[in-house]
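A.B. asks: File upload.cif below, mmCIF, C-alpha atoms:
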```
data_model
loop_
_atom_site.label_atom_id
_atom_site.label_comp_id
_atom_site.auth_asym_id
_atom_site.auth_seq_id
_atom_site.Cartn_x
_atom_site.Cartn_y
_atom_site.Cartn_z
CA MET E 24 -14.12 -9.24 13.09
CA LYS E 25 -12.20 -12.39 12.52
CA TYR E 26 -8.58 -11.99 11.43
CA ILE E 27 -8.66 -8.38 12.61
CA ASP E 28 -9.68 -8.21 16.30
CA GLU E 29 -7.26 -10.83 17.53
CA TYR E 30 -4.42 -8.92 15.84
CA ARG E 31 -5.31 -5.82 17.86
CA ASP E 32 -5.09 -7.49 21.25
CA ALA E 33 -3.41 -5.00 23.59
CA LYS E 34 -1.83 -7.60 25.88
CA ALA E 35 -0.21 -9.40 22.95
CA VAL E 36 1.09 -6.09 21.59
CA GLN E 37 2.58 -5.26 24.99
CA ARG E 38 4.23 -8.66 25.11
CA PHE E 39 6.02 -7.94 21.84
CA SER E 40 6.95 -4.50 23.14
CA ARG E 41 8.69 -6.06 26.15
CA ALA E 42 10.35 -8.70 23.99
CA ILE E 43 11.71 -6.05 21.63
CA LYS E 44 13.13 -4.08 24.56
CA ARG E 45 14.82 -7.26 25.80
CA ILE E 46 16.63 -7.99 22.56
CA THR E 47 17.58 -4.43 21.54
CA THR E 48 21.12 -3.52 22.54
CA ARG E 49 21.80 -0.58 20.17
CA ASP E 50 20.14 2.02 17.97
CA TRP E 51 18.53 0.92 14.71
CA THR E 52 16.79 2.71 11.87
CA LEU E 53 13.98 0.81 10.14
CA MET E 54 11.69 1.80 7.32
CA GLU E 55 8.15 0.68 6.62
CA ILE E 56 7.23 1.13 2.96
CA CYS E 57 3.49 0.94 2.88
CA GLY E 58 1.29 3.92 3.68
CA GLY E 59 -1.24 1.58 5.24
CA GLN E 60 1.42 0.48 7.71
CA THR E 61 2.41 4.12 8.35
CA HIS E 62 -1.15 4.89 9.34
CA ALA E 63 -1.43 1.88 11.64
CA ILE E 64 1.85 2.83 13.34
CA VAL E 65 0.82 6.42 13.95
CA LYS E 66 -2.79 5.58 14.83
CA TYR E 67 -1.95 2.89 17.38
CA GLY E 68 1.17 4.66 18.62
CA ILE E 69 3.30 1.64 17.79
CA ASP E 70 6.50 3.66 17.52
CA GLU E 71 5.95 4.80 21.10
CA LEU E 72 6.03 1.16 22.24
CA LEU E 73 9.53 0.71 20.88
CA PRO E 74 12.81 1.43 22.67
CA GLN E 75 13.95 5.02 22.19
CA GLY E 76 16.90 4.07 20.01
CA ILE E 77 14.66 2.53 17.37
CA THR E 78 13.74 4.98 14.61
CA LEU E 79 10.88 4.10 12.26
CA LEU E 80 11.11 5.97 8.96
CA HIS E 81 8.08 6.23 6.70
CA GLY E 82 8.71 5.26 3.10
CA PRO E 83 7.11 6.16 -0.23
CA GLY E 84 4.45 3.45 -0.16
CA CYS E 85 1.58 5.75 -0.93
CA PRO E 86 0.70 5.53 -4.63
CA VAL E 87 -1.54 8.59 -4.41
CA CYS E 88 1.34 10.56 -2.89
CA VAL E 89 3.84 9.62 -5.59
CA THR E 90 1.58 10.27 -8.59
CA PRO E 91 3.35 13.07 -10.52
CA VAL E 92 1.62 16.43 -10.43
CA GLU E 93 1.33 16.54 -14.25
CA LEU E 94 -0.71 13.33 -14.15
CA ILE E 95 -3.24 15.10 -11.93
CA ASP E 96 -3.33 17.91 -14.51
CA LYS E 97 -4.00 15.32 -17.25
CA GLY E 98 -6.87 13.91 -15.21
CA VAL E 99 -8.29 17.35 -14.56
CA ASP E 100 -8.17 18.19 -18.28
CA ILE E 101 -9.75 14.91 -19.38
CA ALA E 102 -12.47 15.33 -16.75
CA GLY E 103 -13.29 18.72 -18.24
CA MET E 104 -13.83 17.33 -21.73
CA PRO E 105 -17.35 16.84 -23.08
CA HIS E 106 -19.07 13.44 -22.85
CA VAL E 107 -16.46 12.13 -20.41
CA ILE E 108 -17.23 10.32 -17.17
CA PHE E 109 -14.01 10.46 -15.16
CA THR E 110 -13.81 7.81 -12.44
CA SER E 111 -11.31 7.42 -9.65
CA PHE E 112 -10.62 6.02 -6.19
CA GLY E 113 -11.79 8.51 -3.58
CA ASP E 114 -8.49 9.81 -2.29
CA MET E 115 -7.26 11.03 -5.68
CA LEU E 116 -9.99 13.65 -5.78
CA ARG E 117 -8.32 16.22 -3.54
CA VAL E 118 -4.71 15.80 -4.59
CA PRO E 119 -3.58 19.18 -5.87
CA GLY E 120 -2.37 19.55 -9.45
CA THR E 121 -1.09 22.89 -10.80
CA ARG E 122 -4.57 23.95 -11.92
CA GLY E 123 -6.72 22.62 -9.11
CA ASP E 124 -7.75 19.07 -8.29
CA LEU E 125 -10.36 16.64 -9.60
CA LEU E 126 -12.95 18.04 -7.22
CA THR E 127 -12.37 21.44 -8.80
CA ALA E 128 -12.93 19.85 -12.19
CA LYS E 129 -16.20 18.49 -10.87
CA SER E 130 -17.27 21.88 -9.56
CA ARG E 131 -16.57 23.31 -13.02
CA GLY E 132 -19.07 20.87 -14.51
CA GLY E 133 -16.94 17.79 -15.13
CA ASP E 134 -18.60 14.40 -14.52
CA VAL E 135 -16.20 13.08 -11.89
CA ARG E 136 -17.27 9.99 -9.93
CA ILE E 137 -15.74 7.96 -7.14
CA VAL E 138 -15.68 4.20 -7.68
CA TYR E 139 -14.70 1.43 -5.29
CA SER E 140 -13.36 -0.90 -7.97
CA PRO E 141 -12.08 -0.50 -11.55
CA MET E 142 -14.76 -3.03 -12.55
CA ASP E 143 -17.39 -0.45 -11.51
CA ALA E 144 -15.85 1.92 -14.05
CA LEU E 145 -16.05 -0.78 -16.71
CA LYS E 146 -19.72 -1.36 -15.89
CA LEU E 147 -20.34 2.39 -16.20
CA ALA E 148 -18.80 2.29 -19.67
CA GLN E 149 -21.05 -0.59 -20.68
CA ALA E 150 -24.09 1.24 -19.31
CA ASN E 151 -23.23 4.54 -21.02
CA PRO E 152 -22.18 3.76 -24.62
CA ASP E 153 -22.51 7.41 -25.66
CA LYS E 154 -19.91 8.52 -23.09
CA GLN E 155 -16.18 8.03 -22.73
CA VAL E 156 -15.48 6.46 -19.35
CA VAL E 157 -11.96 6.98 -18.03
CA PHE E 158 -10.58 5.30 -14.91
CA PHE E 159 -7.64 6.79 -13.01
CA ALA E 160 -5.55 3.65 -12.51
CA VAL E 161 -3.34 4.53 -9.57
CA GLY E 162 -1.64 2.00 -7.37
CA PHE E 163 1.19 -0.30 -6.44
CA GLU E 164 1.42 -3.99 -7.24
CA THR E 165 -1.57 -4.63 -4.94
CA THR E 166 -3.96 -2.78 -7.23
CA ALA E 167 -2.45 -3.86 -10.56
CA PRO E 168 -4.42 -7.17 -10.77
CA ALA E 169 -7.74 -5.32 -10.42
CA ASN E 170 -6.80 -2.62 -12.94
CA ALA E 171 -5.41 -5.23 -15.34
CA MET E 172 -8.62 -7.27 -15.15
CA ALA E 173 -10.74 -4.23 -16.07
CA VAL E 174 -8.70 -3.62 -19.23
CA TYR E 175 -8.43 -7.35 -20.01
CA GLN E 176 -12.21 -7.69 -19.88
CA ALA E 177 -12.75 -4.42 -21.76
CA LYS E 178 -10.72 -5.77 -24.68
CA ARG E 179 -12.45 -9.13 -24.75
CA GLN E 180 -15.90 -7.63 -24.47
CA HIS E 181 -15.12 -4.84 -26.97
CA VAL E 182 -15.94 -2.02 -24.57
CA GLU E 183 -14.41 0.66 -26.75
CA ASN E 184 -15.56 3.68 -24.76
CA PHE E 185 -13.42 2.63 -21.77
CA SER E 186 -9.84 3.76 -21.11
CA ILE E 187 -7.46 4.13 -18.18
CA LEU E 188 -5.08 6.90 -17.09
CA VAL E 189 -2.18 4.91 -15.70
CA SER E 190 -0.09 5.84 -12.68
CA HIS E 191 1.23 2.49 -11.54
CA VAL E 192 4.40 2.21 -9.51
CA LEU E 193 6.49 -0.72 -8.26
CA VAL E 194 7.96 -1.09 -4.78
CA PRO E 195 11.35 -2.82 -5.19
CA PRO E 196 12.85 -0.11 -7.49
CA ALA E 197 11.85 2.54 -4.93
CA ILE E 198 13.57 0.52 -2.21
CA GLU E 199 16.69 0.24 -4.35
CA ALA E 200 16.64 4.00 -4.97
CA ILE E 201 16.44 4.61 -1.22
CA LEU E 202 19.16 2.09 -0.38
CA GLY E 203 21.40 3.37 -3.16
CA ALA E 204 21.18 7.02 -2.06
CA PRO E 205 24.47 8.26 -0.53
CA ASP E 206 22.81 9.53 2.66
CA THR E 207 20.71 6.45 3.33
CA ARG E 208 20.11 5.56 6.99
CA VAL E 209 17.82 2.58 6.57
CA GLN E 210 19.18 -0.62 8.14
CA GLY E 211 16.10 -2.83 7.80
CA PHE E 212 12.79 -2.88 5.93
CA LEU E 213 9.26 -3.89 6.81
CA ALA E 214 8.05 -4.99 3.38
CA ALA E 215 4.45 -4.28 2.35
CA GLY E 216 2.31 -7.32 3.06
CA HIS E 217 -0.35 -6.94 0.39
CA VAL E 218 2.09 -6.03 -2.36
CA CYS E 219 3.85 -9.30 -1.52
CA ALA E 220 0.57 -11.21 -1.42
CA VAL E 221 0.35 -10.41 -5.13
CA VAL E 222 3.96 -10.54 -6.36
CA GLY E 223 5.60 -12.68 -3.68
CA TYR E 224 8.91 -11.71 -2.09
CA GLU E 225 11.49 -13.28 -4.37
CA GLU E 226 12.69 -9.81 -5.46
CA TYR E 227 13.94 -8.92 -2.00
CA PHE E 228 16.59 -11.64 -1.83
CA PRO E 229 19.04 -9.97 -4.24
CA LEU E 230 18.39 -6.60 -2.54
CA ALA E 231 19.09 -8.07 0.90
CA ALA E 232 22.32 -9.62 -0.37
CA LYS E 233 23.51 -6.57 -2.33
CA TYR E 234 22.95 -4.01 0.43
CA HIS E 235 23.22 -6.37 3.43
CA VAL E 236 19.85 -5.21 4.75
CA PRO E 237 17.15 -7.52 6.20
CA PHE E 238 13.53 -7.55 4.99
CA VAL E 239 10.48 -8.81 6.85
CA VAL E 240 7.22 -9.09 4.93
CA THR E 241 4.71 -7.59 7.37
CA GLY E 242 0.96 -7.26 7.77
CA PHE E 243 -1.09 -4.26 8.81
CA GLU E 244 -2.58 -4.87 12.23
CA PRO E 245 -0.72 -3.75 15.38
CA LEU E 246 0.30 -7.31 16.24
CA ASP E 247 1.62 -7.88 12.71
CA ILE E 248 3.74 -4.74 12.83
CA MET E 249 5.09 -5.49 16.30
CA GLN E 250 6.05 -8.99 15.25
CA GLY E 251 7.59 -7.66 12.04
CA VAL E 252 9.68 -5.17 13.99
CA TYR E 253 10.70 -7.90 16.45
CA MET E 254 11.84 -10.19 13.65
CA LEU E 255 13.74 -7.35 11.95
CA ILE E 256 15.56 -6.27 15.10
CA LYS E 257 16.41 -9.87 15.90
CA GLN E 258 18.09 -10.13 12.49
CA MET E 259 19.94 -6.85 12.83
CA GLU E 260 21.16 -7.66 16.35
CA THR E 261 22.65 -10.92 15.04
CA GLY E 262 24.11 -9.37 11.90
CA ARG E 263 21.80 -11.22 9.53
CA ALA E 264 20.40 -9.79 6.29
CA GLU E 265 17.72 -12.25 5.26
CA VAL E 266 14.21 -12.13 3.89
CA GLU E 267 11.54 -13.40 6.30
CA ASN E 268 7.76 -13.54 6.18
CA GLN E 269 5.73 -12.38 9.17
CA TYR E 270 2.46 -12.20 7.20
CA VAL E 271 2.32 -15.95 6.59
CA ARG E 272 -1.47 -16.14 6.76
CA CYS E 273 -1.75 -14.14 3.52
CA VAL E 274 1.59 -14.21 1.73
CA ARG E 275 3.32 -17.05 -0.06
CA ARG E 276 6.83 -16.76 -1.44
CA GLU E 277 5.71 -17.00 -5.07
CA GLY E 278 2.77 -14.65 -4.56
CA ASN E 279 -0.50 -14.95 -6.51
CA LEU E 280 0.23 -16.59 -9.87
CA PRO E 281 -3.18 -16.12 -11.58
CA ALA E 282 -3.03 -12.40 -10.69
CA GLN E 283 0.53 -12.05 -11.99
CA LYS E 284 -0.46 -13.68 -15.26
CA ILE E 285 -3.18 -11.13 -16.02
CA VAL E 286 -0.98 -8.22 -14.95
CA GLN E 287 1.82 -9.40 -17.26
CA ASP E 288 -0.62 -9.79 -20.15
CA VAL E 289 -1.85 -6.23 -19.85
CA PHE E 290 1.07 -4.25 -18.44
CA GLN E 291 4.80 -3.90 -19.07
CA ILE E 292 7.53 -2.35 -16.94
CA VAL E 293 8.31 1.28 -17.81
CA PRO E 294 10.26 4.15 -16.23
CA ARG E 295 8.05 6.26 -13.96
CA LYS E 296 8.37 9.66 -12.36
CA TRP E 297 7.69 9.66 -8.61
CA ARG E 298 6.30 12.91 -7.27
CA GLY E 299 8.90 14.52 -5.03
CA ILE E 300 11.59 11.98 -5.99
CA GLY E 301 12.03 12.09 -9.75
CA GLU E 302 12.22 9.41 -12.43
CA ILE E 303 13.22 5.90 -11.39
CA PRO E 304 13.92 3.47 -14.27
CA TYR E 305 11.89 0.22 -14.44
CA SER E 306 9.74 1.49 -11.60
CA GLY E 307 6.28 1.59 -13.11
CA LEU E 308 3.73 -0.21 -15.20
CA GLY E 309 2.36 0.96 -18.54
CA LEU E 310 -0.07 -0.64 -20.97
CA ARG E 311 1.38 -3.05 -23.53
CA ASP E 312 0.99 -2.27 -27.25
CA ASP E 313 -1.85 -4.81 -27.50
CA TYR E 314 -3.82 -2.65 -25.11
CA ALA E 315 -2.65 0.79 -26.33
CA LEU E 316 -6.22 1.58 -27.41
CA PHE E 317 -7.19 1.71 -23.76
CA ASP E 318 -4.54 4.27 -22.83
CA ALA E 319 -6.37 7.49 -21.92
CA GLU E 320 -3.24 9.61 -22.43
CA LYS E 321 -3.15 8.58 -26.10
CA ARG E 322 -6.90 8.69 -26.57
CA PHE E 323 -7.25 12.22 -25.24
CA GLY E 324 -3.94 13.61 -26.49
CA VAL E 325 -2.52 14.56 -23.09
CA ALA E 326 0.70 12.58 -23.18
CA ASP E 327 3.22 15.47 -23.23
CA TYR E 328 2.52 17.47 -20.08
CA THR E 329 5.17 18.78 -17.67
CA ALA E 330 4.61 20.69 -14.41
CA ASP E 331 6.43 22.04 -11.35
CA GLU E 332 5.72 21.41 -7.68
CA SER E 333 4.92 23.96 -4.98
CA PRO E 334 8.25 25.07 -3.47
CA ASP E 335 6.82 24.92 0.08
CA CYS E 336 5.84 21.29 -0.19
CA MET E 337 8.30 18.84 1.38
CA SER E 338 6.44 15.69 0.31
CA GLY E 339 9.44 14.30 -1.53
CA ALA E 340 11.67 14.41 1.54
CA VAL E 341 8.89 13.00 3.74
CA LEU E 342 8.33 10.14 1.29
CA GLN E 343 11.98 9.12 1.47
CA GLY E 344 12.05 9.25 5.24
CA LYS E 345 14.40 12.27 5.25
CA LEU E 346 11.98 14.51 7.07
CA THR E 347 9.09 13.92 9.43
CA PRO E 348 5.93 15.94 8.79
CA HIS E 349 6.64 17.94 11.97
CA GLN E 350 9.89 19.13 10.46
CA CYS E 351 8.12 20.72 7.51
CA ALA E 352 7.51 24.45 7.98
CA ALA E 353 4.16 24.28 6.22
CA PHE E 354 2.78 21.37 8.28
CA GLY E 355 -0.44 22.35 10.02
CA THR E 356 -0.15 25.97 8.92
CA LEU E 357 -0.02 26.56 5.15
CA CYS E 358 -0.73 22.88 4.59
CA THR E 359 -3.66 21.07 6.20
CA PRO E 360 -6.13 18.47 4.93
CA GLU E 361 -8.53 21.29 4.03
CA HIS E 362 -5.96 23.05 1.85
CA PRO E 363 -3.15 20.58 1.15
CA LEU E 364 0.06 21.55 -0.64
CA GLY E 365 0.97 18.02 -1.56
CA ALA E 366 -0.36 14.51 -1.78
CA THR E 367 1.05 13.25 1.53
CA MET E 368 -1.46 15.48 3.30
CA VAL E 369 -4.38 14.34 1.16
CA SER E 370 -4.05 10.63 0.82
CA SER E 371 -5.51 8.26 3.39
CA GLU E 372 -2.06 6.67 3.38
CA GLY E 373 0.06 9.82 3.38
CA ALA E 374 2.42 10.34 6.30
CA CYS E 375 1.44 14.00 6.72
CA ALA E 376 -2.25 13.12 6.85
CA ALA E 377 -1.55 10.42 9.44
CA TYR E 378 0.44 12.78 11.63
CA TYR E 379 -2.14 15.55 11.28
CA ARG E 380 -4.95 13.20 12.25
CA TYR E 381 -3.32 11.29 15.10
CA ARG E 382 -0.32 13.28 16.22
CA ARG E 383 -0.77 17.02 15.80
CA GLN E 384 1.70 17.82 18.55
CA GLU E 385 5.13 16.24 18.46
CA ILE E 386 5.51 13.65 21.23
CA GLN E 387 8.38 14.44 23.57
CA HIS E 388 9.93 11.26 24.89
CA GLY E 389 10.54 11.57 28.64
CA MET C 10 -4.62 2.04 -1.02
CA CYS C 11 -2.96 -1.22 -0.08
CA LEU C 12 -5.51 -1.75 2.58
CA ALA C 13 -7.24 -5.03 2.07
CA VAL C 14 -9.81 -6.48 4.43
CA PRO C 15 -10.47 -10.12 5.38
CA GLY C 16 -14.00 -11.39 4.69
CA LYS C 17 -15.82 -14.70 4.64
CA ILE C 18 -17.16 -16.20 1.41
CA ILE C 19 -20.90 -16.82 1.76
CA SER C 20 -21.73 -17.92 -1.79
CA ILE C 21 -20.03 -18.34 -5.17
CA SER C 22 -21.21 -18.12 -8.77
CA GLY C 23 -19.69 -17.94 -12.25
CA GLU C 24 -16.45 -19.42 -13.51
CA ASP C 25 -12.83 -18.56 -14.25
CA LEU C 26 -12.34 -14.83 -14.69
CA ASN C 27 -16.00 -14.20 -13.96
CA ARG C 28 -16.08 -16.22 -10.75
CA VAL C 29 -17.61 -13.97 -8.11
CA GLY C 30 -18.62 -14.44 -4.51
CA ARG C 31 -20.76 -12.74 -1.94
CA VAL C 32 -18.34 -11.98 0.88
CA SER C 33 -19.28 -10.98 4.39
CA PHE C 34 -17.28 -8.35 6.30
CA ALA C 35 -18.85 -8.42 9.77
CA ASN C 36 -22.33 -8.66 8.26
CA VAL C 37 -21.76 -6.17 5.48
CA ILE C 38 -22.00 -8.25 2.32
CA LYS C 39 -20.28 -7.27 -0.91
CA GLU C 40 -19.83 -8.90 -4.27
CA VAL C 41 -16.17 -9.75 -4.78
CA ASN C 42 -14.31 -11.02 -7.83
CA LEU C 43 -12.73 -14.42 -7.01
CA ALA C 44 -10.85 -14.92 -10.29
CA TYR C 45 -7.49 -14.71 -8.52
CA VAL C 46 -8.30 -17.24 -5.78
CA PRO C 47 -9.57 -20.29 -7.69
CA GLU C 48 -8.88 -22.50 -4.66
CA ALA C 49 -11.15 -20.50 -2.33
CA GLN C 50 -14.43 -22.11 -1.32
CA ILE C 51 -17.51 -21.19 0.69
CA ASN C 52 -16.65 -20.41 4.32
CA ASP C 53 -13.03 -19.61 3.45
CA TYR C 54 -11.71 -16.19 4.36
CA VAL C 55 -10.13 -14.02 1.68
CA ILE C 56 -8.27 -10.71 1.68
CA VAL C 57 -10.19 -8.23 -0.48
CA HIS C 58 -8.80 -5.13 -2.17
CA VAL C 59 -10.87 -2.88 -4.49
CA GLY C 60 -13.40 -5.61 -5.17
CA PHE C 61 -10.93 -8.43 -5.78
CA ALA C 62 -9.88 -11.29 -3.51
CA LEU C 63 -6.07 -11.33 -3.63
CA SER C 64 -5.29 -14.15 -1.24
CA LYS C 65 -6.98 -16.85 0.78
CA VAL C 66 -6.32 -16.49 4.50
CA ASP C 67 -4.56 -19.63 5.70
CA ALA C 68 -6.29 -20.48 8.97
CA GLU C 69 -3.42 -22.63 10.21
CA GLU C 70 -0.76 -20.03 9.50
CA ALA C 71 -2.96 -17.38 11.10
CA GLN C 72 -2.48 -19.18 14.41
CA ARG C 73 1.28 -19.12 14.16
CA VAL C 74 1.78 -15.70 15.70
CA PHE C 75 -0.21 -16.82 18.75
CA GLY C 76 1.94 -19.94 19.17
CA TYR C 77 4.97 -17.65 18.90
CA LEU C 78 3.50 -15.42 21.60
CA GLU C 79 2.96 -18.35 23.89
CA GLU C 80 6.60 -19.37 23.51
CA MET C 81 7.60 -15.78 24.19
CA GLY C 82 5.34 -15.80 27.22
CA ASP C 83 7.21 -18.80 28.60
CA LEU C 84 10.56 -17.16 27.91
CA GLU C 85 9.33 -14.00 29.57
CA GLU C 86 8.38 -15.85 32.74
CA LEU C 87 11.84 -17.41 32.79
CA TYR C 88 13.39 -13.97 32.34
CA MET C 89 11.30 -12.45 35.12
CA THR C 90 12.17 -15.33 37.45
CA GLU C 91 15.89 -14.84 36.78
CA GLN C 92 15.50 -11.13 37.48
CA GLU C 93 13.80 -11.86 40.77
CA GLN C 94 16.60 -14.19 41.68
CA GLY C 95 19.13 -11.45 41.07
CA GLY C 96 19.74 -12.05 37.37
CA GLY C 97 22.36 -14.17 35.66
CA ALA C 98 25.95 -14.06 36.68
#
```
Translate this file's structure into structure tokens.
C.D. replies:
Amino acid sequence: MKYIDEYRDAKAVQRFSRAIKRITTRDWTLMEICGGQTHAIVKYGIDELLPQGITLLHGPGCPVCVTPVELIDKGVDIAGMPHVIFTSFGDMLRVPGTRGDLLTAKSRGGDVRIVYSPMDALKLAQANPDKQVVFFAVGFETTAPANAMAVYQAKRQHVENFSILVSHVLVPPAIEAILGAPDTRVQGFLAAGHVCAVVGYEEYFPLAAKYHVPFVVTGFEPLDIMQGVYMLIKQMETGRAEVENQYVRCVRREGNLPAQKIVQDVFQIVPRKWRGIGEIPYSGLGLRDDYALFDAEKRFGVADYTADESPDCMSGAVLQGKLTPHQCAAFGTLCTPEHPLGATMVSSEGACAAYYRYRRQEIQHG
Amino acid sequence: MCLAVPGKIISISGEDLNRVGRVSFANVIKEVNLAYVPEAQINDYVIVHVGFALSKVDAEEAQRVFGYLEEMGDLEELYMTEQEQGGGA
């Protein structure tokens, strides 16, 4: 496939591996934010191609993983209500809440359906006027334009039986929370390429300056990640803390302006609770007052839920790069994809799921 | 969730927010909303995420990493030659 295969070329990847070894003179700790990048790294063994002193930490870039457990409970309850069609992206279905997951709700008779796009949910609402169609709007900045468009169109076309359960989070506040933590080890960031395709990378300049940490906007194929790591190490070795773009074929500095316009019309910045981390101010998106009618929490009266996490689940630490999945006592034993304790084991982008799938045994470096 | 896949636009219909295209991903064709890439035309490649094109793939920029690799290849040969000759002083 064009724009994929050539970025998986083994020889080119090896060339970057050798180049990185040439320029690395000391130990460095890097973090990649996006779960999609985490999976590529573990799947293709990219971290094994790096010099031993380079540590790649996996960040909280998995929107499914950071959705607070009480939001799952809200979804489960709404799905159990009569005349409701509850729609969601596939990987939300098996994330455990405190009273089961969405699949459990389905097995109890709820009409829970997987959709590929929020527009599919909107079409379902138009096709089923006697039902309430709810869409679980989970995601980072990458998904916000699609979710915003569904609500934007719903309002203009008067689709009153449509609403969304919002769990939108923003990347830069999470980065700032990680960098601001007293025990932070991160010295450089691989920024999420598709998030930046939407919002651009202007926001990283003040972060780079404030914390003296370099950022490289990076793609998702092995070659992209290797080049991103190369560019990051090159900066760190020369004491620079700048913002660079590796993913130039898809990302422009200002991002996607038409997409940003619709997102800003529909959503506003709100504080959000991140599962396993806690509340981070200005870190999420919520519907603006103009669109309050489409807020499923208000429509179904589930706004005031609270819930506690399983004490055995170390997702929070894993999401901040403080623990690898192997270091969690429950990994592979109490917690597996078949019976997950937390979202990092369920989500297609979760670090625990990636390690379970591609790296069951810890690799011992010779 | 942030995974987006590059595909080629085969046909386009509609306008503005309802502009949609049939996009081919290695012969699997899907309908994709093109509202956010008004500049994209037939035969362009776009990055698609949950049914929306988020960015047009810039063919020229896409080549850049390969140019970079070629330069690195030259540097590497130089490095290897120096090594063979007993390295720098």
A.B. asks: So, with all atoms listed in the file as the atoms that count, which of E:His106, E:Arg311, E:His217, E:Arg322 lies closest to E:Val271?
C.D. replies: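 When distances to E:Val271 are compared using all atoms listed in the file, the smallest one comes from E:His217.
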A.B. asks: Enumerate, in order of chain and increasing residue number, the residues of stretch 170-239 of chain E with an atom no farther than 12 Å from stretch 26-50 of chain C, each with its shortest atom pair and distance in Å to one decimal, counting all atoms listed in the file, as CSV.
C.D. replies:
```
residue,atom,partner,partner_atom,distance
E:Ala171,CA,C:Leu26,CA,11.9
E:Met172,CA,C:Leu26,CA,8.4
E:Ala173,CA,C:Leu26,CA,10.8
E:Tyr175,CA,C:Leu26,CA,10.0
E:Gln176,CA,C:Leu26,CA,8.8
E:Arg179,CA,C:Leu26,CA,11.6
E:Ala220,CA,C:Tyr45,CA,11.3
E:Val221,CA,C:Tyr45,CA,9.6
```
A.B. asks: Within 12 Å of (6.1, 4.0, -20.5), all atoms listed in the file: residues as number ranges by chain?
C.D. replies: E: 189-192, 290-296, 302-312, 315, 318, 320-321, 326
A.B. asks: Pick the closest to chain C from E:Gly103, E:Gly251, E:Pro229, E:Pro119: which is it, counting all atoms listed in the file?
C.D. replies: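 Smallest distance to chain C is found for E:Gly251.
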A.B. asks: What are the residues of chain C lining chain E at 10 Å or less? Count only C-alpha atoms, and put the answer as a PyMOL selection string.
C.D. replies: chain C and resi 10-17+26-27+34-36+41-42+44-47+54-75+77-79+81-82+84-85+88
A.B. asks: Suppose you want the space between atom CA of E:Met54 and atom CA of E:Leu72; what is it in Å?
C.D. replies: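 Value for the atom CA of E:Met54-atom CA of E:Leu72 distance: 16.0 Å.
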A.B. asks: Could you work out how far atom CA of E:Leu53 lies from atom CA of E:Ala204, giving the answer in Å with one decimal?
C.D. replies: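 We find that atom CA of E:Ala204 and atom CA of E:Leu53 lie 15.5 Å from each other.
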A.B. asks: Report, in Å with one decimal, the straight-line distance from atom CA of E:Glu260 to atom CA of E:Ala231.
C.D. replies: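 Distance between the two atoms: 15.6 Å.
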A.B. asks: Would you pick out the contacts of E:Trp51 at 7 Å or less, using all atoms listed in the file, so that residues sharing its chain but fewer than 6 positions from it are not included, and give the list as a ChimeraX atom specification?
C.D. replies: /E:76-78,210
A.B. asks: Let me know the residues the PyMOL selection byres ((chain E and resi 319) around 10) catches in the file above, as a PDB file with C-alpha atoms, keeping the file's coordinate frame.
C.D. replies:
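Saved the output as expr.pdb:
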```
ATOM      1  CA  LYS E  97      -4.000  15.320 -17.250  1.00  0.00           C
ATOM      2  CA  GLY E  98      -6.870  13.910 -15.210  1.00  0.00           C
ATOM      3  CA  ILE E 101      -9.750  14.910 -19.380  1.00  0.00           C
ATOM      4  CA  GLN E 155     -16.180   8.030 -22.730  1.00  0.00           C
ATOM      5  CA  VAL E 156     -15.480   6.460 -19.350  1.00  0.00           C
ATOM      6  CA  VAL E 157     -11.960   6.980 -18.030  1.00  0.00           C
ATOM      7  CA  PHE E 158     -10.580   5.300 -14.910  1.00  0.00           C
ATOM      8  CA  PHE E 159      -7.640   6.790 -13.010  1.00  0.00           C
ATOM      9  CA  PHE E 185     -13.420   2.630 -21.770  1.00  0.00           C
ATOM     10  CA  SER E 186      -9.840   3.760 -21.110  1.00  0.00           C
ATOM     11  CA  ILE E 187      -7.460   4.130 -18.180  1.00  0.00           C
ATOM     12  CA  LEU E 188      -5.080   6.900 -17.090  1.00  0.00           C
ATOM     13  CA  VAL E 189      -2.180   4.910 -15.700  1.00  0.00           C
ATOM     14  CA  ALA E 315      -2.650   0.790 -26.330  1.00  0.00           C
ATOM     15  CA  LEU E 316      -6.220   1.580 -27.410  1.00  0.00           C
ATOM     16  CA  PHE E 317      -7.190   1.710 -23.760  1.00  0.00           C
ATOM     17  CA  ASP E 318      -4.540   4.270 -22.830  1.00  0.00           C
ATOM     18  CA  GLU E 320      -3.240   9.610 -22.430  1.00  0.00           C
ATOM     19  CA  LYS E 321      -3.150   8.580 -26.100  1.00  0.00           C
ATOM     20  CA  ARG E 322      -6.900   8.690 -26.570  1.00  0.00           C
ATOM     21  CA  PHE E 323      -7.250  12.220 -25.240  1.00  0.00           C
ATOM     22  CA  GLY E 324      -3.940  13.610 -26.490  1.00  0.00           C
ATOM     23  CA  VAL E 325      -2.520  14.560 -23.090  1.00  0.00           C
ATOM     24  CA  ALA E 326       0.700  12.580 -23.180  1.00  0.00           C
TER      25      ALA E 326
END
```
A.B. asks: Using the chain letters and numbers from the file, give me the residues hit by the PyMOL selection byres ((chain E and resi 254) around 10), as an NGL selection string.
C.D. replies: :E and (43 or 213 or 237-241 or 248-253 or 255-259 or 267-269)
A.B. asks: Residues picked by the PyMOL selection byres ((chain E and resi 368) around 9) here, as JSON, numbers by chain?
C.D. replies: {"E": [88, 118, 338, 354, 358, 359, 360, 362, 363, 364, 365, 366, 367, 369, 370, 371, 372, 373, 374, 375, 376, 377, 378, 379]}
